[in-house]
$ cat start37.txt   # compact mmCIF, C-alpha atoms
# COMPACT_ATOMS: atom_id res chain seq x y z
CA SER V 1 30.85 45.19 -78.82
CA ARG V 2 30.58 47.94 -76.25
CA THR V 3 31.65 51.47 -77.09
CA ALA V 4 33.16 54.01 -74.70
CA GLN V 5 29.86 55.80 -74.26
CA ASP V 6 28.19 52.53 -73.19
CA VAL V 7 30.63 52.08 -70.32
CA ALA V 8 29.16 53.23 -67.01
CA ALA V 9 31.73 51.40 -64.92
CA PRO V 10 34.39 49.15 -66.38
CA PRO V 11 33.88 45.50 -65.41
CA SER V 12 37.18 45.47 -63.51
CA PHE V 13 36.24 48.47 -61.38
CA GLU V 14 35.03 47.94 -57.80
CA PRO V 15 34.57 51.23 -55.92
CA GLY V 16 35.71 51.22 -52.33
CA PRO V 17 34.28 53.25 -49.44
CA TYR V 18 36.66 56.19 -49.85
CA TYR V 19 35.87 56.41 -53.58
CA ARG V 20 32.12 56.35 -52.83
CA MET V 21 32.51 59.03 -50.14
CA ARG V 22 34.42 61.32 -52.50
CA THR V 23 32.01 60.85 -55.40
CA GLU V 24 29.08 61.60 -53.07
CA LEU V 25 30.86 64.78 -51.96
CA PHE V 26 31.41 65.72 -55.61
CA ALA V 27 27.73 65.11 -56.37
CA ALA V 28 26.77 67.45 -53.50
CA ALA V 29 28.97 70.20 -55.00
CA PRO V 30 28.31 69.95 -58.75
CA LEU V 31 30.56 71.54 -61.33
CA SER V 32 29.61 74.34 -63.72
CA ALA V 33 30.62 75.38 -67.22
CA ARG V 34 32.92 78.09 -65.83
CA ASP V 35 35.02 75.58 -63.87
CA ILE V 36 38.54 74.33 -64.49
CA VAL V 37 38.59 70.75 -63.22
CA PHE V 38 41.64 68.91 -61.92
CA LEU V 39 40.72 65.23 -62.35
CA GLY V 40 42.79 62.30 -61.14
CA ASP V 41 44.16 60.39 -58.18
CA SER V 42 45.96 61.35 -54.95
CA LEU V 43 48.43 63.54 -56.83
CA THR V 44 45.44 65.66 -57.83
CA GLU V 45 43.53 65.34 -54.57
CA GLY V 46 46.58 66.50 -52.61
CA GLY V 47 46.81 69.85 -54.37
CA GLU V 48 45.20 72.96 -52.93
CA TRP V 49 44.20 74.05 -56.44
CA GLY V 50 41.75 76.75 -55.37
CA ASP V 51 44.42 78.34 -53.18
CA LEU V 52 47.05 78.05 -55.91
CA PHE V 53 44.75 79.64 -58.50
CA PRO V 54 42.59 81.98 -56.38
CA HIS V 55 41.19 84.04 -59.24
CA GLN V 56 40.04 81.05 -61.27
CA PHE V 57 37.11 78.70 -60.82
CA VAL V 58 39.26 75.67 -60.04
CA ARG V 59 37.72 72.47 -58.71
CA ASP V 60 39.54 69.42 -57.37
CA ARG V 61 38.15 66.08 -58.47
CA GLY V 62 41.00 63.87 -57.28
CA ILE V 63 40.50 60.63 -55.37
CA SER V 64 43.39 58.95 -53.60
CA GLY V 65 44.09 55.53 -55.07
CA ASP V 66 42.00 56.15 -58.17
CA THR V 67 42.68 54.55 -61.54
CA ALA V 68 41.70 55.28 -65.13
CA ALA V 69 38.77 52.86 -64.65
CA GLY V 70 37.64 54.87 -61.64
CA VAL V 71 37.83 58.17 -63.52
CA LEU V 72 35.89 56.61 -66.37
CA ALA V 73 33.20 55.38 -63.96
CA ARG V 74 32.68 58.88 -62.49
CA LEU V 75 33.29 60.92 -65.62
CA GLY V 76 29.59 61.74 -66.04
CA GLN V 77 29.80 64.07 -63.04
CA VAL V 78 32.36 66.09 -64.99
CA THR V 79 30.98 65.94 -68.51
CA ALA V 80 27.45 66.87 -67.39
CA ALA V 81 28.75 70.32 -66.45
CA ARG V 82 30.73 70.81 -69.67
CA PRO V 83 33.49 72.61 -67.77
CA ARG V 84 35.79 75.15 -69.35
CA ALA V 85 38.83 72.88 -68.95
CA VAL V 86 39.90 69.53 -67.52
CA PHE V 87 43.44 68.75 -66.37
CA LEU V 88 43.69 64.97 -66.36
CA LEU V 89 46.40 63.17 -64.34
CA ILE V 90 45.68 59.47 -63.92
CA GLY V 91 47.49 56.16 -64.41
CA THR V 92 50.23 55.81 -61.82
CA ASN V 93 48.10 53.49 -59.65
CA ASP V 94 47.23 51.47 -62.75
CA LEU V 95 50.91 50.87 -63.52
CA ALA V 96 51.54 49.72 -59.96
CA MET V 97 48.96 46.95 -60.59
CA ASP V 98 49.73 46.24 -64.28
CA PRO V 99 53.06 47.56 -65.62
CA SER V 100 51.97 46.91 -69.23
CA GLY V 101 49.36 49.67 -68.91
CA ARG V 102 47.22 48.11 -71.68
CA GLN V 103 43.92 48.07 -69.79
CA SER V 104 44.57 51.49 -68.29
CA LEU V 105 45.28 53.01 -71.70
CA ALA V 106 42.05 51.48 -73.03
CA HIS V 107 40.19 53.19 -70.19
CA TYR V 108 42.12 56.41 -70.87
CA ARG V 109 41.04 56.30 -74.52
CA ALA V 110 37.44 55.81 -73.39
CA ILE V 111 37.77 58.85 -71.09
CA LEU V 112 38.96 60.99 -73.99
CA GLU V 113 36.23 59.66 -76.28
CA ARG V 114 33.56 60.51 -73.73
CA LEU V 115 34.99 63.97 -73.10
CA ARG V 116 34.91 64.64 -76.84
CA LYS V 117 31.34 63.36 -77.19
CA GLU V 118 29.78 64.63 -73.96
CA ALA V 119 31.70 67.90 -73.45
CA PRO V 120 33.10 68.86 -76.85
CA GLU V 121 33.79 72.48 -75.89
CA THR V 122 35.89 71.50 -72.86
CA HIS V 123 39.62 72.13 -73.33
CA VAL V 124 41.39 68.96 -72.20
CA PHE V 125 44.95 68.95 -70.86
CA VAL V 126 46.50 65.49 -70.59
CA GLN V 127 49.29 65.46 -68.03
CA SER V 128 52.11 62.93 -68.14
CA LEU V 129 52.69 60.62 -65.24
CA LEU V 130 55.38 61.66 -62.80
CA PRO V 131 58.40 59.48 -62.03
CA ARG V 132 58.21 56.95 -59.22
CA ALA V 133 60.85 54.52 -57.95
CA ALA V 134 63.49 53.80 -60.61
CA PRO V 135 62.12 50.32 -61.53
CA PHE V 136 58.92 52.01 -62.79
CA ARG V 137 60.85 54.15 -65.28
CA PRO V 138 60.38 52.00 -68.42
CA ALA V 139 56.65 51.50 -67.77
CA ILE V 140 56.06 55.20 -67.03
CA GLU V 141 58.02 56.35 -70.07
CA SER V 142 56.10 53.94 -72.30
CA TYR V 143 52.78 55.05 -70.78
CA ASN V 144 53.69 58.72 -71.23
CA ALA V 145 54.55 58.13 -74.88
CA ALA V 146 51.12 56.54 -75.34
CA LEU V 147 49.48 59.51 -73.57
CA ALA V 148 51.29 61.94 -75.87
CA ALA V 149 50.05 59.98 -78.89
CA LEU V 150 46.47 59.92 -77.54
CA SER V 151 46.65 63.66 -76.93
CA ARG V 152 47.70 64.27 -80.52
CA GLU V 153 45.03 61.91 -81.83
CA PHE V 154 42.27 63.71 -79.92
CA GLY V 155 43.69 67.21 -80.46
CA HIS V 156 44.33 67.81 -76.74
CA THR V 157 47.22 69.60 -75.07
CA PHE V 158 49.83 67.24 -73.63
CA ILE V 159 51.74 68.58 -70.62
CA ASP V 160 54.96 66.62 -70.13
CA LEU V 161 55.70 67.00 -66.42
CA TYR V 162 57.95 63.94 -66.31
CA PRO V 163 61.36 65.44 -67.21
CA ALA V 164 61.08 68.25 -64.64
CA PHE V 165 60.54 65.74 -61.83
CA LEU V 166 63.00 63.03 -62.94
CA ALA V 167 66.10 62.34 -60.82
CA ASP V 168 69.34 61.08 -62.37
CA ASP V 169 68.67 57.58 -61.01
CA GLY V 170 65.28 57.38 -62.77
CA SER V 171 63.14 58.04 -59.69
CA LEU V 172 61.13 61.05 -58.53
CA ARG V 173 63.47 63.83 -57.39
CA ASP V 174 63.85 63.81 -53.60
CA GLU V 175 62.88 67.46 -53.16
CA PHE V 176 59.45 66.74 -54.68
CA THR V 177 58.47 63.69 -52.66
CA VAL V 178 57.88 62.41 -49.16
CA ASP V 179 57.33 58.77 -50.16
CA GLY V 180 58.60 58.26 -53.71
CA VAL V 181 55.18 58.94 -55.26
CA HIS V 182 53.70 62.06 -53.60
$ encode --input "start37.txt" --output "C-alpha cells"
Amino acid sequence: SRTAQDVAAPPSFEPGPYYRMRTELFAAAPLSARDIVFLGDSLTEGGEWGDLFPHQFVRDRGISGDTAAGVLARLGQVTAARPRAVFLLIGTNDLAMDPSGRQSLAHYRAILERLRKEAPETHVFVQSLLPRAAPFRPAIESYNAALAALSREFGHTFIDLYPAFLADDGSLRDEFTVDGVH
C-alpha cells in the first residue's frame, strides 16, 4: 500500500491550466524558512496577506478552485523550504464535489503527515472551513469536526473560524460574502 510520502499527485487529481500557471509562479518565487505561508484555495488566494501583515514574511500560496488533492500534489514546494508556519485552509471545493468529505479528509491527513515528516519544525495552523449556503451546513460542520480531531492528533493549532462567519440561517453571513462562498 502507498503511504502519504509516496504520493506525488493523488490519482484523482488532474491539474488544470490555472493550477499549473500558479504552481509555476510559486516555483519562480520559492519560499524560505523565515516565511509564514497561507496555503489553500481561492479563499486564501484572495487575501492580500502581505499587506495585512506588512512586518511579517507572509507568502500567499492559494489557488482558486484548489482541493486537498491539489495541495497535496504541490506540497513539496512548501515543505522544501521548511517555513516558519503554515496556515492551511482547504476543503470547501472538495465538499462541493463530494459532501461526504471522505477522500478529501484522506488527502488532508496525508498533507499533515508530509508536513510532519518533511518540515517538522514548521508550526501548522489548521483553519476550519467557512460556512457556505445553508444546505452545506451539515457537511461543513462534520468536516470541521474531523479537522479539529486531525489537528489534535498531529499536535497542530486548530483555528475555528466557522462560528464567527455563520449566519442564523446556516449560511455565510451576508456582510462577509459577495457570492455565498467568498
$ closest_atom_pairs --input "start37.txt" --of "segment 115-175 of chain V" --to "segment 101-111 of chain V" --cutoff "8 Å" --atoms "all atoms listed in the file" --output "CSV"
residue,atom,partner,partner_atom,distance
V:Leu115,CA,V:Ile111,CA,6.2
V:Ala139,CA,V:Gly101,CA,7.6
V:Tyr143,CA,V:Gly101,CA,6.6
V:Ala146,CA,V:Leu105,CA,7.7
V:Leu147,CA,V:Leu105,CA,8.0
V:Leu150,CA,V:Arg109,CA,7.2
$ atom_distance --input "start37.txt" --atom1 "atom CA of Leu39 of chain V" --atom2 "atom CA of Leu25 of chain V"
14.3 Å
$ atom_distance --input "start37.txt" --atom1 "atom CA of Val37 of chain V" --atom2 "atom CA of Met97 of chain V"
26.1 Å
$ atom_distance --input "start37.txt" --atom1 "atom CA of Ala145 of chain V" --atom2 "atom CA of Ser100 of chain V"
12.8 Å
$ closest_residue --input "start37.txt" --among "V:Val124, V:Leu89, V:Ala29, V:Ile63" --to "Gly16 of chain V" --atoms "only C-alpha atoms"
V:Ile63
$ decode --input "start37.txt" --residues "segment 111-147 of chain V" --atoms "N, CA, C and O atoms" --output "PDB file, in the first residue's frame"
ATOM      1  N   ILE V 111      -1.513  15.358   3.863  1.00  0.00           N
ATOM      2  CA  ILE V 111      -0.854  16.668   3.933  1.00  0.00           C
ATOM      3  C   ILE V 111      -0.185  16.829   5.299  1.00  0.00           C
ATOM      4  O   ILE V 111       0.987  17.210   5.394  1.00  0.00           O
ATOM      5  N   LEU V 112      -0.934  16.555   6.345  1.00  0.00           N
ATOM      6  CA  LEU V 112      -0.393  16.719   7.703  1.00  0.00           C
ATOM      7  C   LEU V 112       0.753  15.744   7.977  1.00  0.00           C
ATOM      8  O   LEU V 112       1.737  16.109   8.641  1.00  0.00           O
ATOM      9  N   GLU V 113       0.644  14.530   7.459  1.00  0.00           N
ATOM     10  CA  GLU V 113       1.733  13.555   7.622  1.00  0.00           C
ATOM     11  C   GLU V 113       3.000  14.047   6.936  1.00  0.00           C
ATOM     12  O   GLU V 113       4.093  13.962   7.495  1.00  0.00           O
ATOM     13  N   ARG V 114       2.843  14.562   5.720  1.00  0.00           N
ATOM     14  CA  ARG V 114       4.018  15.067   4.998  1.00  0.00           C
ATOM     15  C   ARG V 114       4.608  16.293   5.667  1.00  0.00           C
ATOM     16  O   ARG V 114       5.838  16.432   5.722  1.00  0.00           O
ATOM     17  N   LEU V 115       3.770  17.192   6.154  1.00  0.00           N
ATOM     18  CA  LEU V 115       4.297  18.355   6.866  1.00  0.00           C
ATOM     19  C   LEU V 115       5.115  17.912   8.078  1.00  0.00           C
ATOM     20  O   LEU V 115       6.200  18.436   8.330  1.00  0.00           O
ATOM     21  N   ARG V 116       4.603  16.946   8.812  1.00  0.00           N
ATOM     22  CA  ARG V 116       5.314  16.454   9.990  1.00  0.00           C
ATOM     23  C   ARG V 116       6.651  15.821   9.604  1.00  0.00           C
ATOM     24  O   ARG V 116       7.665  16.050  10.245  1.00  0.00           O
ATOM     25  N   LYS V 117       6.642  15.041   8.529  1.00  0.00           N
ATOM     26  CA  LYS V 117       7.858  14.332   8.114  1.00  0.00           C
ATOM     27  C   LYS V 117       8.861  15.252   7.423  1.00  0.00           C
ATOM     28  O   LYS V 117      10.057  15.195   7.699  1.00  0.00           O
ATOM     29  N   GLU V 118       8.389  16.098   6.510  1.00  0.00           N
ATOM     30  CA  GLU V 118       9.272  16.879   5.661  1.00  0.00           C
ATOM     31  C   GLU V 118       9.618  18.264   6.208  1.00  0.00           C
ATOM     32  O   GLU V 118      10.597  18.860   5.764  1.00  0.00           O
ATOM     33  N   ALA V 119       8.813  18.769   7.131  1.00  0.00           N
ATOM     34  CA  ALA V 119       9.060  20.096   7.720  1.00  0.00           C
ATOM     35  C   ALA V 119       8.656  20.062   9.196  1.00  0.00           C
ATOM     36  O   ALA V 119       7.744  20.779   9.612  1.00  0.00           O
ATOM     37  N   PRO V 120       9.311  19.229   9.989  1.00  0.00           N
ATOM     38  CA  PRO V 120       8.865  19.014  11.365  1.00  0.00           C
ATOM     39  C   PRO V 120       8.902  20.257  12.258  1.00  0.00           C
ATOM     40  O   PRO V 120       8.151  20.328  13.233  1.00  0.00           O
ATOM     41  N   GLU V 121       9.733  21.227  11.916  1.00  0.00           N
ATOM     42  CA  GLU V 121       9.810  22.430  12.749  1.00  0.00           C
ATOM     43  C   GLU V 121       8.789  23.502  12.366  1.00  0.00           C
ATOM     44  O   GLU V 121       8.653  24.512  13.035  1.00  0.00           O
ATOM     45  N   THR V 122       8.046  23.266  11.292  1.00  0.00           N
ATOM     46  CA  THR V 122       7.027  24.211  10.844  1.00  0.00           C
ATOM     47  C   THR V 122       5.814  24.146  11.760  1.00  0.00           C
ATOM     48  O   THR V 122       5.285  23.072  12.025  1.00  0.00           O
ATOM     49  N   HIS V 123       5.383  25.302  12.261  1.00  0.00           N
ATOM     50  CA  HIS V 123       4.172  25.378  13.081  1.00  0.00           C
ATOM     51  C   HIS V 123       2.975  25.396  12.127  1.00  0.00           C
ATOM     52  O   HIS V 123       2.878  26.277  11.278  1.00  0.00           O
ATOM     53  N   VAL V 124       2.090  24.427  12.275  1.00  0.00           N
ATOM     54  CA  VAL V 124       0.949  24.284  11.375  1.00  0.00           C
ATOM     55  C   VAL V 124      -0.319  24.751  12.081  1.00  0.00           C
ATOM     56  O   VAL V 124      -0.607  24.335  13.205  1.00  0.00           O
ATOM     57  N   PHE V 125      -1.063  25.601  11.387  1.00  0.00           N
ATOM     58  CA  PHE V 125      -2.359  26.090  11.854  1.00  0.00           C
ATOM     59  C   PHE V 125      -3.413  25.563  10.888  1.00  0.00           C
ATOM     60  O   PHE V 125      -3.403  25.924   9.705  1.00  0.00           O
ATOM     61  N   VAL V 126      -4.291  24.720  11.372  1.00  0.00           N
ATOM     62  CA  VAL V 126      -5.374  24.172  10.562  1.00  0.00           C
ATOM     63  C   VAL V 126      -6.589  25.061  10.783  1.00  0.00           C
ATOM     64  O   VAL V 126      -7.049  25.223  11.908  1.00  0.00           O
ATOM     65  N   GLN V 127      -7.087  25.635   9.691  1.00  0.00           N
ATOM     66  CA  GLN V 127      -8.237  26.528   9.781  1.00  0.00           C
ATOM     67  C   GLN V 127      -9.505  25.782   9.369  1.00  0.00           C
ATOM     68  O   GLN V 127      -9.509  25.040   8.388  1.00  0.00           O
ATOM     69  N   SER V 128     -10.565  26.002  10.121  1.00  0.00           N
ATOM     70  CA  SER V 128     -11.848  25.387   9.780  1.00  0.00           C
ATOM     71  C   SER V 128     -12.358  25.947   8.461  1.00  0.00           C
ATOM     72  O   SER V 128     -11.950  27.029   8.033  1.00  0.00           O
ATOM     73  N   LEU V 129     -13.235  25.196   7.840  1.00  0.00           N
ATOM     74  CA  LEU V 129     -13.926  25.715   6.666  1.00  0.00           C
ATOM     75  C   LEU V 129     -14.907  26.785   7.114  1.00  0.00           C
ATOM     76  O   LEU V 129     -15.434  26.747   8.234  1.00  0.00           O
ATOM     77  N   LEU V 130     -15.182  27.713   6.228  1.00  0.00           N
ATOM     78  CA  LEU V 130     -16.178  28.744   6.476  1.00  0.00           C
ATOM     79  C   LEU V 130     -17.548  28.230   6.036  1.00  0.00           C
ATOM     80  O   LEU V 130     -17.638  27.308   5.219  1.00  0.00           O
ATOM     81  N   PRO V 131     -18.607  28.832   6.551  1.00  0.00           N
ATOM     82  CA  PRO V 131     -19.943  28.465   6.068  1.00  0.00           C
ATOM     83  C   PRO V 131     -20.089  28.769   4.580  1.00  0.00           C
ATOM     84  O   PRO V 131     -19.358  29.582   4.025  1.00  0.00           O
ATOM     85  N   ARG V 132     -21.037  28.097   3.968  1.00  0.00           N
ATOM     86  CA  ARG V 132     -21.452  28.361   2.587  1.00  0.00           C
ATOM     87  C   ARG V 132     -22.965  28.488   2.612  1.00  0.00           C
ATOM     88  O   ARG V 132     -23.531  28.842   3.635  1.00  0.00           O
ATOM     89  N   ALA V 133     -23.626  28.142   1.545  1.00  0.00           N
ATOM     90  CA  ALA V 133     -25.089  28.121   1.524  1.00  0.00           C
ATOM     91  C   ALA V 133     -25.577  27.137   2.589  1.00  0.00           C
ATOM     92  O   ALA V 133     -24.913  26.142   2.884  1.00  0.00           O
ATOM     93  N   ALA V 134     -26.740  27.419   3.154  1.00  0.00           N
ATOM     94  CA  ALA V 134     -27.273  26.628   4.270  1.00  0.00           C
ATOM     95  C   ALA V 134     -27.271  25.112   4.034  1.00  0.00           C
ATOM     96  O   ALA V 134     -26.980  24.357   4.965  1.00  0.00           O
ATOM     97  N   PRO V 135     -27.574  24.611   2.823  1.00  0.00           N
ATOM     98  CA  PRO V 135     -27.566  23.150   2.637  1.00  0.00           C
ATOM     99  C   PRO V 135     -26.199  22.491   2.895  1.00  0.00           C
ATOM    100  O   PRO V 135     -26.127  21.293   3.147  1.00  0.00           O
ATOM    101  N   PHE V 136     -25.125  23.256   2.832  1.00  0.00           N
ATOM    102  CA  PHE V 136     -23.788  22.714   3.099  1.00  0.00           C
ATOM    103  C   PHE V 136     -23.491  22.575   4.592  1.00  0.00           C
ATOM    104  O   PHE V 136     -22.484  21.975   4.964  1.00  0.00           O
ATOM    105  N   ARG V 137     -24.333  23.150   5.433  1.00  0.00           N
ATOM    106  CA  ARG V 137     -24.032  23.213   6.865  1.00  0.00           C
ATOM    107  C   ARG V 137     -23.675  21.860   7.491  1.00  0.00           C
ATOM    108  O   ARG V 137     -22.635  21.752   8.142  1.00  0.00           O
ATOM    109  N   PRO V 138     -24.483  20.805   7.322  1.00  0.00           N
ATOM    110  CA  PRO V 138     -24.113  19.533   7.958  1.00  0.00           C
ATOM    111  C   PRO V 138     -22.759  18.998   7.485  1.00  0.00           C
ATOM    112  O   PRO V 138     -21.956  18.522   8.295  1.00  0.00           O
ATOM    113  N   ALA V 139     -22.499  19.081   6.191  1.00  0.00           N
ATOM    114  CA  ALA V 139     -21.227  18.572   5.653  1.00  0.00           C
ATOM    115  C   ALA V 139     -20.052  19.386   6.187  1.00  0.00           C
ATOM    116  O   ALA V 139     -19.015  18.820   6.568  1.00  0.00           O
ATOM    117  N   ILE V 140     -20.194  20.706   6.228  1.00  0.00           N
ATOM    118  CA  ILE V 140     -19.101  21.559   6.711  1.00  0.00           C
ATOM    119  C   ILE V 140     -18.862  21.323   8.194  1.00  0.00           C
ATOM    120  O   ILE V 140     -17.705  21.224   8.641  1.00  0.00           O
ATOM    121  N   GLU V 141     -19.921  21.223   8.973  1.00  0.00           N
ATOM    122  CA  GLU V 141     -19.737  21.002  10.411  1.00  0.00           C
ATOM    123  C   GLU V 141     -19.096  19.644  10.684  1.00  0.00           C
ATOM    124  O   GLU V 141     -18.235  19.527  11.568  1.00  0.00           O
ATOM    125  N   SER V 142     -19.459  18.640   9.929  1.00  0.00           N
ATOM    126  CA  SER V 142     -18.836  17.327  10.072  1.00  0.00           C
ATOM    127  C   SER V 142     -17.359  17.388   9.672  1.00  0.00           C
ATOM    128  O   SER V 142     -16.484  16.837  10.363  1.00  0.00           O
ATOM    129  N   TYR V 143     -17.071  18.043   8.572  1.00  0.00           N
ATOM    130  CA  TYR V 143     -15.700  18.191   8.096  1.00  0.00           C
ATOM    131  C   TYR V 143     -14.857  18.945   9.124  1.00  0.00           C
ATOM    132  O   TYR V 143     -13.729  18.546   9.438  1.00  0.00           O
ATOM    133  N   ASN V 144     -15.414  20.028   9.660  1.00  0.00           N
ATOM    134  CA  ASN V 144     -14.683  20.812  10.652  1.00  0.00           C
ATOM    135  C   ASN V 144     -14.400  19.999  11.916  1.00  0.00           C
ATOM    136  O   ASN V 144     -13.323  20.128  12.511  1.00  0.00           O
ATOM    137  N   ALA V 145     -15.336  19.173  12.325  1.00  0.00           N
ATOM    138  CA  ALA V 145     -15.097  18.302  13.483  1.00  0.00           C
ATOM    139  C   ALA V 145     -13.940  17.347  13.192  1.00  0.00           C
ATOM    140  O   ALA V 145     -13.084  17.104  14.054  1.00  0.00           O
ATOM    141  N   ALA V 146     -13.897  16.820  11.975  1.00  0.00           N
ATOM    142  CA  ALA V 146     -12.790  15.930  11.589  1.00  0.00           C
ATOM    143  C   ALA V 146     -11.469  16.698  11.551  1.00  0.00           C
ATOM    144  O   ALA V 146     -10.429  16.169  11.968  1.00  0.00           O
ATOM    145  N   LEU V 147     -11.492  17.949  11.065  1.00  0.00           N
ATOM    146  CA  LEU V 147     -10.271  18.759  11.054  1.00  0.00           C
ATOM    147  C   LEU V 147      -9.780  19.042  12.473  1.00  0.00           C
ATOM    148  O   LEU V 147      -8.568  19.008  12.738  1.00  0.00           O
TER     149      LEU V 147
END
